[in-house]
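Asker: Pasting my_file28.txt below, which is compact mmCIF, C-alpha atoms.
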```
# COMPACT_ATOMS: atom_id res chain seq x y z
CA MET A 1 142.57 97.25 77.47
CA ASN A 2 141.70 93.54 77.78
CA THR A 3 140.59 92.07 81.07
CA THR A 4 143.95 90.43 81.78
CA GLU A 5 145.65 93.80 81.48
CA LEU A 6 142.91 95.38 83.58
CA ILE A 7 143.46 92.89 86.39
CA LYS A 8 147.23 93.44 86.25
CA LYS A 9 146.84 97.23 86.27
CA SER A 10 144.25 97.50 89.02
CA PRO A 11 144.88 95.90 92.42
CA LEU A 12 141.19 96.39 93.23
CA VAL A 13 140.02 94.49 90.15
CA ALA A 14 142.55 91.78 90.99
CA GLU A 15 141.04 91.48 94.48
CA MET A 16 137.56 91.26 93.01
CA ALA A 17 138.71 88.58 90.58
CA ARG A 18 139.88 86.52 93.58
CA CYS A 19 136.41 86.93 95.14
CA ARG A 20 137.88 88.60 98.22
CA GLU A 21 136.03 91.12 100.33
CA THR A 22 137.10 94.57 99.25
CA LEU A 23 135.91 98.16 99.12
CA TRP A 24 135.94 101.06 96.71
CA VAL A 25 135.76 104.73 97.67
CA ASN A 26 134.33 106.97 94.97
CA PRO A 27 136.86 109.67 94.04
CA ASP A 28 134.24 111.52 91.95
CA ARG A 29 131.54 111.82 94.62
CA LYS A 30 130.37 115.42 94.72
CA GLY A 31 128.46 117.53 97.18
CA SER A 32 125.13 119.12 96.33
CA PRO A 33 124.07 119.80 93.68
CA VAL A 34 125.22 116.58 92.03
CA GLY A 35 123.98 117.02 88.50
CA GLU A 36 120.89 117.41 86.36
CA LYS A 37 117.57 116.00 87.48
CA ILE A 38 117.08 112.42 86.29
CA VAL A 39 113.48 111.88 87.42
CA ASP A 40 110.76 114.02 88.99
CA ILE A 41 110.18 112.63 92.48
CA ASP A 42 107.20 114.89 93.18
CA GLU A 43 105.48 113.70 90.00
CA ALA A 44 106.05 110.06 90.96
CA GLU A 45 104.73 110.68 94.48
CA ALA A 46 101.63 112.41 93.07
CA ARG A 47 100.92 109.41 90.86
CA LEU A 48 101.21 107.04 93.81
CA LEU A 49 98.76 109.23 95.74
CA ARG A 50 96.29 109.10 92.84
CA PHE A 51 96.46 105.30 92.95
CA ALA A 52 96.08 105.10 96.73
CA PRO A 53 92.27 104.64 96.60
CA PHE A 54 92.72 101.71 94.22
CA ILE A 55 95.42 100.12 96.37
CA GLU A 56 93.30 100.53 99.49
CA LYS A 57 90.29 98.98 97.75
CA VAL A 58 92.04 95.85 96.43
CA TYR A 59 94.50 95.53 99.33
CA PRO A 60 92.57 96.69 102.45
CA GLU A 61 95.55 95.82 104.64
CA VAL A 62 97.53 98.65 103.02
CA LEU A 63 96.62 101.61 105.21
CA GLU A 64 95.32 104.54 103.15
CA GLY A 65 96.69 102.78 100.07
CA ILE A 66 100.26 103.99 100.74
CA ILE A 67 102.94 101.37 100.07
CA GLU A 68 105.52 102.21 102.72
CA SER A 69 107.65 100.44 105.32
CA PRO A 70 108.60 101.15 108.94
CA LEU A 71 111.88 102.72 109.98
CA SER A 72 112.79 100.71 113.08
CA GLU A 73 115.56 101.51 115.52
CA ILE A 74 117.54 98.36 116.34
CA PRO A 75 119.71 99.15 119.39
CA ASP A 76 120.03 95.52 120.52
CA MET A 77 121.38 94.57 117.10
CA GLN A 78 123.80 97.48 117.37
CA ASP A 79 125.00 96.21 120.74
CA ALA A 80 125.34 92.66 119.40
CA LEU A 81 127.53 93.83 116.52
CA ALA A 82 130.04 95.10 119.08
CA MET A 83 130.38 91.64 120.65
CA ASP A 84 132.87 88.92 119.79
CA THR A 85 131.25 86.18 117.71
CA GLY A 86 134.19 83.81 117.78
CA GLY A 87 135.81 85.23 114.69
CA VAL A 88 132.75 84.85 112.45
CA LEU A 89 132.05 88.59 112.45
CA LYS A 90 134.50 91.29 113.45
CA PRO A 91 133.29 93.22 116.53
CA ALA A 92 132.43 96.81 115.62
CA ASP A 93 131.61 99.74 117.87
CA ILE A 94 129.15 101.84 115.86
CA PRO A 95 128.82 105.44 117.13
CA GLY A 96 125.36 106.93 116.70
CA ARG A 97 121.93 105.31 116.30
CA LEU A 98 121.22 102.30 114.09
CA PHE A 99 117.96 101.81 112.18
CA LEU A 100 116.58 99.19 109.81
CA LYS A 101 114.54 100.47 106.89
CA CYS A 102 112.09 97.59 106.66
CA ASP A 103 111.43 97.39 102.93
CA SER A 104 111.59 93.68 103.69
CA HIS A 105 108.06 94.24 105.02
CA LEU A 106 106.63 96.46 102.30
CA PRO A 107 103.03 95.43 101.62
CA ILE A 108 101.89 93.43 98.59
CA SER A 109 105.23 91.89 97.60
CA GLY A 110 107.51 92.16 100.64
CA SER A 111 110.62 93.72 99.13
CA VAL A 112 112.16 97.01 98.03
CA LYS A 113 111.05 96.09 94.50
CA ALA A 114 107.50 96.96 95.54
CA ARG A 115 108.57 100.60 95.23
CA GLY A 116 109.78 100.71 91.65
CA GLY A 117 108.08 97.61 90.27
CA ILE A 118 104.57 98.42 91.41
CA TYR A 119 105.02 102.08 90.46
CA GLU A 120 105.94 101.19 86.88
CA VAL A 121 102.97 98.83 86.51
CA LEU A 122 100.62 101.48 87.89
CA LYS A 123 102.00 104.10 85.50
CA PHE A 124 101.51 101.73 82.56
CA ALA A 125 97.93 101.01 83.68
CA GLU A 126 97.25 104.75 83.93
CA SER A 127 98.57 105.36 80.42
CA VAL A 128 96.51 102.49 78.93
CA ALA A 129 93.30 103.64 80.66
CA THR A 130 93.90 107.28 79.71
CA GLU A 131 94.72 106.53 76.07
CA ASN A 132 91.51 104.49 75.82
CA GLY A 133 89.44 107.40 77.18
CA MET A 134 88.44 105.59 80.37
CA LEU A 135 90.37 107.62 82.97
CA THR A 136 91.46 111.16 83.78
CA GLU A 137 93.75 112.34 86.58
CA ASP A 138 90.74 113.89 88.32
CA ASP A 139 88.91 110.55 88.61
CA ASP A 140 88.66 108.33 91.65
CA TYR A 141 91.26 105.70 90.81
CA SER A 142 89.44 103.05 92.84
CA ARG A 143 87.43 102.65 89.60
CA LEU A 144 90.39 100.71 88.21
CA ALA A 145 89.23 97.71 90.23
CA GLU A 146 85.98 97.50 88.22
CA PRO A 147 85.43 94.71 85.63
CA GLU A 148 85.56 96.99 82.58
CA PHE A 149 89.11 97.98 83.45
CA ARG A 150 90.20 94.38 83.98
CA GLU A 151 88.76 93.58 80.55
CA LEU A 152 90.69 96.49 79.04
CA PHE A 153 93.96 95.51 80.69
CA SER A 154 93.54 91.87 79.64
CA ARG A 155 94.22 93.00 76.06
CA TYR A 156 97.71 94.12 77.12
CA SER A 157 100.67 92.30 78.60
CA VAL A 158 103.60 93.02 80.90
CA ALA A 159 106.96 91.23 80.92
CA VAL A 160 110.08 91.40 83.07
CA GLY A 161 113.34 89.55 83.62
CA SER A 162 114.16 88.92 87.28
CA THR A 163 116.15 87.01 89.87
CA GLY A 164 113.01 86.97 92.00
CA ASN A 165 111.81 90.00 93.96
CA LEU A 166 111.20 92.33 91.01
CA GLY A 167 109.33 89.50 89.34
CA LEU A 168 107.10 89.17 92.40
CA SER A 169 106.27 92.88 92.45
CA ILE A 170 105.60 93.12 88.72
CA GLY A 171 103.75 89.81 88.57
CA ILE A 172 101.49 90.33 91.59
CA MET A 173 100.37 93.85 90.68
CA SER A 174 100.06 93.22 86.93
CA ALA A 175 97.92 90.14 87.49
CA ARG A 176 95.76 91.98 90.03
CA LEU A 177 95.01 94.70 87.49
CA GLY A 178 94.20 92.13 84.82
CA PHE A 179 97.24 92.28 82.55
CA GLN A 180 98.66 89.17 80.94
CA VAL A 181 102.07 88.91 82.59
CA THR A 182 105.23 86.90 81.98
CA VAL A 183 108.23 86.79 84.30
CA HIS A 184 111.50 85.51 82.82
CA MET A 185 113.48 84.10 85.76
CA SER A 186 117.13 83.14 85.99
CA ALA A 187 118.37 79.84 87.37
CA ASP A 188 119.30 81.33 90.75
CA ALA A 189 115.74 82.50 91.54
CA ARG A 190 114.18 80.71 94.53
CA GLN A 191 111.62 78.04 93.71
CA TRP A 192 109.05 79.46 96.13
CA LYS A 193 109.06 82.74 94.23
CA LYS A 194 108.30 80.93 90.98
CA ASP A 195 105.57 78.91 92.66
CA MET A 196 103.95 82.00 94.19
CA LEU A 197 103.85 83.78 90.85
CA ARG A 198 102.24 80.81 89.14
CA GLU A 199 99.62 80.69 91.88
CA LYS A 200 98.78 84.32 91.02
CA GLY A 201 98.21 83.43 87.37
CA VAL A 202 101.58 84.64 86.13
CA THR A 203 103.45 82.85 83.35
CA VAL A 204 106.94 82.02 84.58
CA LYS A 205 109.66 81.14 82.09
CA GLU A 206 112.79 79.61 83.59
CA TYR A 207 116.29 79.80 82.15
CA PRO A 208 119.36 77.72 82.98
CA ASP A 209 121.49 80.84 82.59
CA ASP A 210 121.94 83.94 84.72
CA TYR A 211 119.92 87.11 85.17
CA GLU A 212 121.38 88.80 82.11
CA ALA A 213 120.19 85.99 79.82
CA ALA A 214 116.67 86.04 81.31
CA VAL A 215 116.40 89.80 80.79
CA ALA A 216 117.68 89.58 77.21
CA GLN A 217 115.15 86.91 76.26
CA GLY A 218 112.32 88.78 77.94
CA ARG A 219 113.24 91.95 76.08
CA ARG A 220 113.33 90.12 72.72
CA GLU A 221 109.90 88.56 73.21
CA ALA A 222 108.35 91.83 74.35
CA GLN A 223 109.70 93.74 71.36
CA ALA A 224 107.72 91.43 69.07
CA ASP A 225 104.40 92.42 70.71
CA PRO A 226 103.29 96.08 70.38
CA ARG A 227 100.86 95.67 73.30
CA CYS A 228 103.52 94.28 75.65
CA HIS A 229 105.20 96.58 78.15
CA PHE A 230 108.67 95.35 79.10
CA VAL A 231 109.90 96.42 82.53
CA ASP A 232 113.58 96.98 81.88
CA ASP A 233 115.38 96.64 85.21
CA GLU A 234 118.60 97.82 83.60
CA ASN A 235 117.36 101.03 81.97
CA SER A 236 113.90 102.00 83.25
CA LEU A 237 113.41 105.59 84.41
CA ASP A 238 109.98 104.62 85.76
CA LEU A 239 111.47 102.02 88.07
CA PHE A 240 114.11 104.53 89.10
CA ALA A 241 111.46 107.15 89.89
CA GLY A 242 109.45 104.75 92.02
CA TYR A 243 112.53 103.89 94.07
CA ALA A 244 113.55 107.54 94.36
CA VAL A 245 110.30 108.42 96.16
CA ALA A 246 111.85 106.58 99.12
CA GLY A 247 114.09 109.60 99.75
CA LYS A 248 111.10 111.89 100.21
CA ARG A 249 109.29 109.34 102.37
CA LEU A 250 112.40 108.81 104.52
CA LYS A 251 112.68 112.56 105.11
CA ALA A 252 109.09 112.59 106.37
CA GLN A 253 109.72 109.59 108.65
CA LEU A 254 112.81 111.15 110.20
CA ASP A 255 111.00 114.46 110.66
CA ALA A 256 108.16 112.65 112.44
CA MET A 257 110.74 111.12 114.79
CA ASP A 258 112.30 114.55 115.45
CA ILE A 259 115.55 113.40 113.86
CA THR A 260 117.50 116.15 112.13
CA ILE A 261 120.02 115.45 109.41
CA ASP A 262 122.58 118.20 108.95
CA GLU A 263 126.37 118.65 108.99
CA ASP A 264 126.43 117.86 112.71
CA HIS A 265 123.99 114.93 112.43
CA ARG A 266 125.12 112.91 109.44
CA LEU A 267 123.21 110.12 107.75
CA TYR A 268 124.88 106.86 106.58
CA VAL A 269 122.85 104.47 104.41
CA TYR A 270 123.86 100.91 103.48
CA LEU A 271 122.08 99.36 100.48
CA PRO A 272 122.36 95.84 99.00
CA CYS A 273 122.96 96.08 95.25
CA GLY A 274 122.20 93.76 92.33
CA VAL A 275 121.79 95.35 88.91
CA GLY A 276 121.50 98.66 90.74
CA GLY A 277 117.98 99.95 90.05
CA ALA A 278 116.59 99.90 93.59
CA PRO A 279 119.67 101.11 95.50
CA GLY A 280 120.42 103.60 92.75
CA GLY A 281 116.96 105.12 92.84
CA VAL A 282 116.93 105.21 96.64
CA THR A 283 120.36 106.85 96.69
CA TYR A 284 119.20 109.43 94.16
CA GLY A 285 116.22 110.27 96.37
CA ILE A 286 118.31 110.44 99.53
CA ARG A 287 120.86 112.76 97.96
CA GLU A 288 118.04 114.98 96.64
CA TYR A 289 116.54 115.42 100.10
CA PHE A 290 119.60 115.29 102.36
CA GLY A 291 122.31 116.54 100.03
CA ASP A 292 125.90 116.36 101.22
CA ASN A 293 124.83 115.42 104.76
CA ALA A 294 124.04 111.86 103.61
CA SER A 295 126.47 109.15 102.55
CA CYS A 296 125.27 106.07 100.65
CA PHE A 297 127.10 102.78 100.12
CA PHE A 298 126.31 99.72 98.00
CA ALA A 299 126.86 96.19 99.34
CA GLU A 300 127.52 93.42 96.84
CA PRO A 301 128.41 89.71 97.01
CA THR A 302 132.06 88.85 96.43
CA HIS A 303 130.96 86.63 93.53
CA ALA A 304 128.80 89.29 91.84
CA PRO A 305 130.29 92.78 92.35
CA CYS A 306 128.93 94.17 89.10
CA MET A 307 128.43 97.77 90.23
CA MET A 308 131.81 98.04 91.92
CA LEU A 309 133.41 96.65 88.76
CA ALA A 310 131.46 99.08 86.58
CA LEU A 311 132.41 102.12 88.66
CA THR A 312 135.99 101.32 89.58
CA THR A 313 136.95 100.58 85.96
CA GLY A 314 134.90 103.40 84.50
CA LEU A 315 133.51 100.95 81.95
CA GLY A 316 129.91 101.03 83.19
CA ASN A 317 127.84 98.22 81.71
CA GLY A 318 130.64 97.55 79.22
CA ILE A 319 132.14 95.00 81.61
CA ALA A 320 130.64 92.01 83.43
CA VAL A 321 131.93 89.95 86.33
CA LYS A 322 132.47 86.96 84.04
CA ASP A 323 134.96 89.09 82.12
CA ILE A 324 137.30 88.91 85.12
CA GLY A 325 136.65 85.22 85.75
CA ILE A 326 133.93 85.45 88.44
CA ASP A 327 131.05 82.98 88.24
CA GLY A 328 128.32 85.30 89.56
CA ILE A 329 126.95 82.55 91.81
CA THR A 330 125.89 83.67 95.28
CA GLU A 331 123.56 82.75 98.13
CA ALA A 332 122.28 86.32 97.89
CA ASP A 333 119.97 85.44 95.02
CA GLY A 334 118.55 88.94 94.56
CA LEU A 335 122.09 90.26 94.08
CA ALA A 336 123.23 87.60 91.62
CA VAL A 337 123.78 89.99 88.72
CA GLY A 338 126.80 90.01 86.44
CA ARG A 339 126.44 93.33 84.64
CA ALA A 340 125.43 96.68 86.15
CA SER A 341 122.69 98.97 84.89
CA LYS A 342 124.09 101.63 82.55
CA LEU A 343 121.53 104.13 83.81
CA VAL A 344 122.44 103.59 87.45
CA ALA A 345 126.20 103.37 86.94
CA GLU A 346 126.13 106.79 85.27
CA ALA A 347 123.80 108.28 87.90
CA MET A 348 125.99 107.04 90.74
CA GLU A 349 129.26 108.44 89.37
CA SER A 350 128.80 111.63 91.40
CA ARG A 351 126.23 110.51 94.01
CA LEU A 352 127.47 107.25 95.54
CA ASP A 353 130.12 107.33 98.27
CA GLY A 354 131.43 103.82 97.70
CA CYS A 355 130.88 100.07 97.43
CA PHE A 356 131.99 97.09 99.48
CA THR A 357 131.72 93.36 98.88
CA VAL A 358 130.53 90.73 101.33
CA ASP A 359 131.29 87.03 101.51
CA ASP A 360 128.17 84.85 101.52
CA GLY A 361 129.31 83.31 104.81
CA ARG A 362 128.64 86.55 106.67
CA LEU A 363 125.01 86.92 105.59
CA TYR A 364 123.50 84.13 107.69
CA PRO A 365 125.14 85.15 110.97
CA TYR A 366 123.78 88.69 110.52
CA LEU A 367 120.36 87.19 109.79
CA ALA A 368 120.42 85.05 112.96
CA ILE A 369 121.65 87.88 115.19
CA LEU A 370 118.96 90.24 113.91
CA GLN A 371 116.31 87.60 114.55
CA ASP A 372 117.56 86.97 118.08
CA THR A 373 118.02 90.61 119.07
CA GLU A 374 115.13 92.37 117.35
CA ASP A 375 112.75 89.57 116.34
CA LEU A 376 113.03 90.74 112.74
CA PHE A 377 113.55 88.42 109.78
CA ILE A 378 115.11 89.57 106.52
CA GLU A 379 116.42 87.38 103.72
CA PRO A 380 120.18 86.69 103.36
CA SER A 381 120.79 89.20 100.56
CA ALA A 382 119.09 91.92 102.63
CA CYS A 383 121.70 91.44 105.38
CA ALA A 384 124.61 92.53 103.18
CA GLY A 385 124.41 96.16 104.33
CA PHE A 386 125.44 95.31 107.88
CA ALA A 387 128.96 94.57 106.65
CA GLY A 388 129.44 98.26 105.87
CA LEU A 389 128.99 99.49 109.43
CA PRO A 390 132.50 98.60 110.67
CA LEU A 391 134.05 99.97 107.47
CA VAL A 392 132.46 103.36 108.06
CA ALA A 393 133.12 103.30 111.80
CA GLU A 394 136.81 102.59 111.13
CA GLY A 395 137.05 105.48 108.68
CA ARG A 396 137.76 103.26 105.67
CA MET A 397 135.00 104.50 103.33
CA GLY A 398 136.34 108.00 102.71
CA VAL A 399 133.58 109.88 104.57
CA PRO A 400 133.51 111.86 107.82
CA ALA A 401 133.69 109.48 110.76
CA PRO A 402 130.39 108.88 112.56
CA ASP A 403 129.88 110.13 116.11
CA GLU A 404 127.16 109.92 118.75
CA ASN A 405 124.96 112.27 116.67
CA SER A 406 125.08 110.08 113.57
CA ILE A 407 122.22 108.07 112.06
CA HIS A 408 122.89 104.73 110.34
CA ILE A 409 120.25 103.04 108.20
CA VAL A 410 120.67 99.51 106.87
CA TRP A 411 118.19 99.08 104.02
CA ALA A 412 116.48 95.70 104.37
CA THR A 413 115.50 94.82 100.82
CA GLY A 414 113.37 91.69 101.24
CA GLY A 415 112.29 88.75 103.33
CA ASN A 416 108.69 88.98 104.49
CA MET A 417 107.39 86.70 101.73
CA VAL A 418 109.89 83.90 102.43
CA PRO A 419 108.08 80.67 103.45
CA GLU A 420 108.33 79.78 107.14
CA GLU A 421 110.32 76.60 106.54
CA GLU A 422 112.95 78.52 104.60
CA LYS A 423 113.09 81.23 107.27
CA THR A 424 113.83 78.52 109.82
CA GLU A 425 116.46 76.97 107.57
CA TYR A 426 118.25 80.31 107.10
CA TYR A 427 118.11 81.09 110.81
CA MET A 428 119.46 77.70 111.83
CA LYS A 429 122.28 78.01 109.28
CA GLY A 430 123.25 81.34 110.82
CA CYS A 431 123.18 79.87 114.33
CA ARG A 432 125.40 76.99 113.27
CA MET A 433 127.91 79.37 111.73
CA LEU A 434 127.97 81.37 114.95
CA GLY A 435 128.50 78.20 116.95
CA ALA A 436 125.24 78.78 118.82
CA ILE A 437 123.96 75.25 118.12
```
Kindly return the structure encoded in the file as structure tokens.

Answerer:
Amino acid sequence: MNTTELIKKSPLVAEMARCRETLWVNPDRKGSPVGEKIVDIDEAEARLLRFAPFIEKVYPEVLEGIIESPLSEIPDMQDALAMDTGGVLKPADIPGRLFLKCDSHLPISGSVKARGGIYEVLKFAESVATENGMLTEDDDYSRLAEPEFRELFSRYSVAVGSTGNLGLSIGIMSARLGFQVTVHMSADARQWKKDMLREKGVTVKEYPDDYEAAVAQGRREAQADPRCHFVDDENSLDLFAGYAVAGKRLKAQLDAMDITIDEDHRLYVYLPCGVGGAPGGVTYGIREYFGDNASCFFAEPTHAPCMMLALTTGLGNGIAVKDIGIDGITEADGLAVGRASKLVAEAMESRLDGCFTVDDGRLYPYLAILQDTEDLFIEPSACAGFAGLPLVAEGRMGVPAPDENSIHIVWATGGNMVPEEEKTEYYMKGCRMLGAI
């Protein structure tokens, strides 16, 4: 079936092609168990614990060397979402408690990509050091900060294609270990991210095309060098495993707060989605630890709904947004992806509850309201999840309706590394759209 026929046959694809806000409820979502194990979360967590002494040594601000973010309750933001904003945002009464998972404030690189990206670099470093007879699992991994290891790693290289945040995570950690590192960045990546990487000694290659072109070129160059490790955002199980650890960590955080998740206390999680690696891995981890008592939703820009397109058509990564006439251009730069990850699309077929798309014009008002109510800044793309709250509250996402016992978590995917002048610019734009100035 060609794309013209697809648009004619599917009202949902037709809505996406018009870049209208829409939603998709997964008809194949299953309860627990949801399929064969894709990655071993306990193994990934154990590796991160082995590296904790190294992380603590080179980044003393990272307490005990554990790269983790706060889970912050945001009741004032919840109250604000129920208020009339003059038609900019639809008022929504959200039953239950609302939290922000602040991966926007993860240490080292300030985004959710610090989970999977840093994990994959650390795993590669471990394999190189082990294969060269310089490290065993029983060693104190703080040794990896010593000069002989930097000299070893300098003989190897790491490459990645990125719209920005994954590039920061890969670039910062790879350079700190001593690897030669190249980040292939698409045209929509923010200039400050490119500048920061170059300041860290990273080679940044810029492309006038989109994310998909940057990844393809990075992959080609890496394949020509046997000592180059290419971080494949579209297909990497290592990235996926690093992200999936978030499910185990979230369980521990909720337990510490005496918050129970069960059939009478349901969990709803809202995750911004680009190519799918980070939200897919997080969703996998959440479903592993909370089973059928958790519902996960992906938020995508109206101009780049690659995962919704992949899942609703059943074509996976065999279809891109440009195939239905969408330009893929969005203010949510980290979500500006035209083709979904094959790995994630397949993993989400039975695990994801649904997707919804968000117009760029709604991101800045959410950003400004969050800043005003909770004194928390997250970047525009990280605000996309808030648009799912009214959809769930209104019973439109095909899941049990939330009540006063429910827990909602909006996953904030980035923002802490944004320069102050850009933070101010984003905030003021949101205030103007709300009519506050």

Asker: Which polymer residues have any atom within 9 Å of an atom of stretch 181-184 of chain A, counting only C-alpha atoms, with same-chain residues fewer than 3 positions away left out, as an MDAnalysis selection string?

Answerer: chainID A and resid 156:163 167:168 170:171 174:175 178 194 197 201:207 211 214:215 217:218 228

Asker: Nearest to A:Val39: which of A:Lys248, A:Ala241, A:Thr357, A:Glu346 is it, counting all atoms listed in the file?

Answerer: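 Closest candidate: A:Ala241.
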
Asker: May I ask which of the residues A:Ala129, A:Leu63, A:Leu267, A:Ala393 is the closest one to A:Ile407, counting all atoms listed in the file?

Answerer: A:Leu267

Asker: I need the residue nearest A:Arg339 from this list: A:Glu394, A:Asp233, A:Val62, A:Leu367. Use all atoms listed in the file for the distance.

Answerer: A:Asp233

Asker: How many Å lie between atom CA of A:Tyr119 and atom CA of A:Arg227, rounded to one decimal?

Answerer: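 Separation of atom CA of A:Tyr119 and atom CA of A:Arg227: 18.8 Å.
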
Asker: Can you work out which one of A:Ser295, A:Asn26, A:Thr302, A:Ser406 has the shortest atom-to-atom distance to A:Asp264, counting only C-alpha atoms?

Answerer: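 So, comparing all the options, the nearest one is A:Ser406.
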
Asker: Rounded to one decimal in Å, what is the spacing between atom CA of A:Gly334 and atom CA of A:Cys19?

Answerer: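 Result for atom CA of A:Gly334 versus atom CA of A:Cys19: 18.0 Å, one decimal.
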
Asker: Ranking A:Glu288, A:Ala299, A:Ile66, A:Asp195 by minimum distance to A:Ala387 and counting all atoms listed in the file, which one comes first?

Answerer: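 Of all the options, A:Ala299 lies closest to A:Ala387.
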
Asker: How many Å separate atom CA of A:Lys57 from atom CA of A:Met196?

Answerer: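 Distance between the two atoms: 22.1 Å.
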
Asker: Could you give me, as a PyMOL selection string, the residues within 10 Å of A:Ala294, counting only C-alpha atoms and dropping anything in the same chain fewer than 4 positions from it?

Answerer: chain A and resi 31+261-263+265-269+283+286-290+351-353+399+407-408

Asker: Which of these, A:Met433, A:Ile172, A:Met16, A:Leu309, has the shortest distance to A:Pro365 once you count only C-alpha atoms?

Answerer: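 Of A:Met433, A:Ile172, A:Met16, A:Leu309, the one nearest A:Pro365 is A:Met433, counting only C-alpha atoms.
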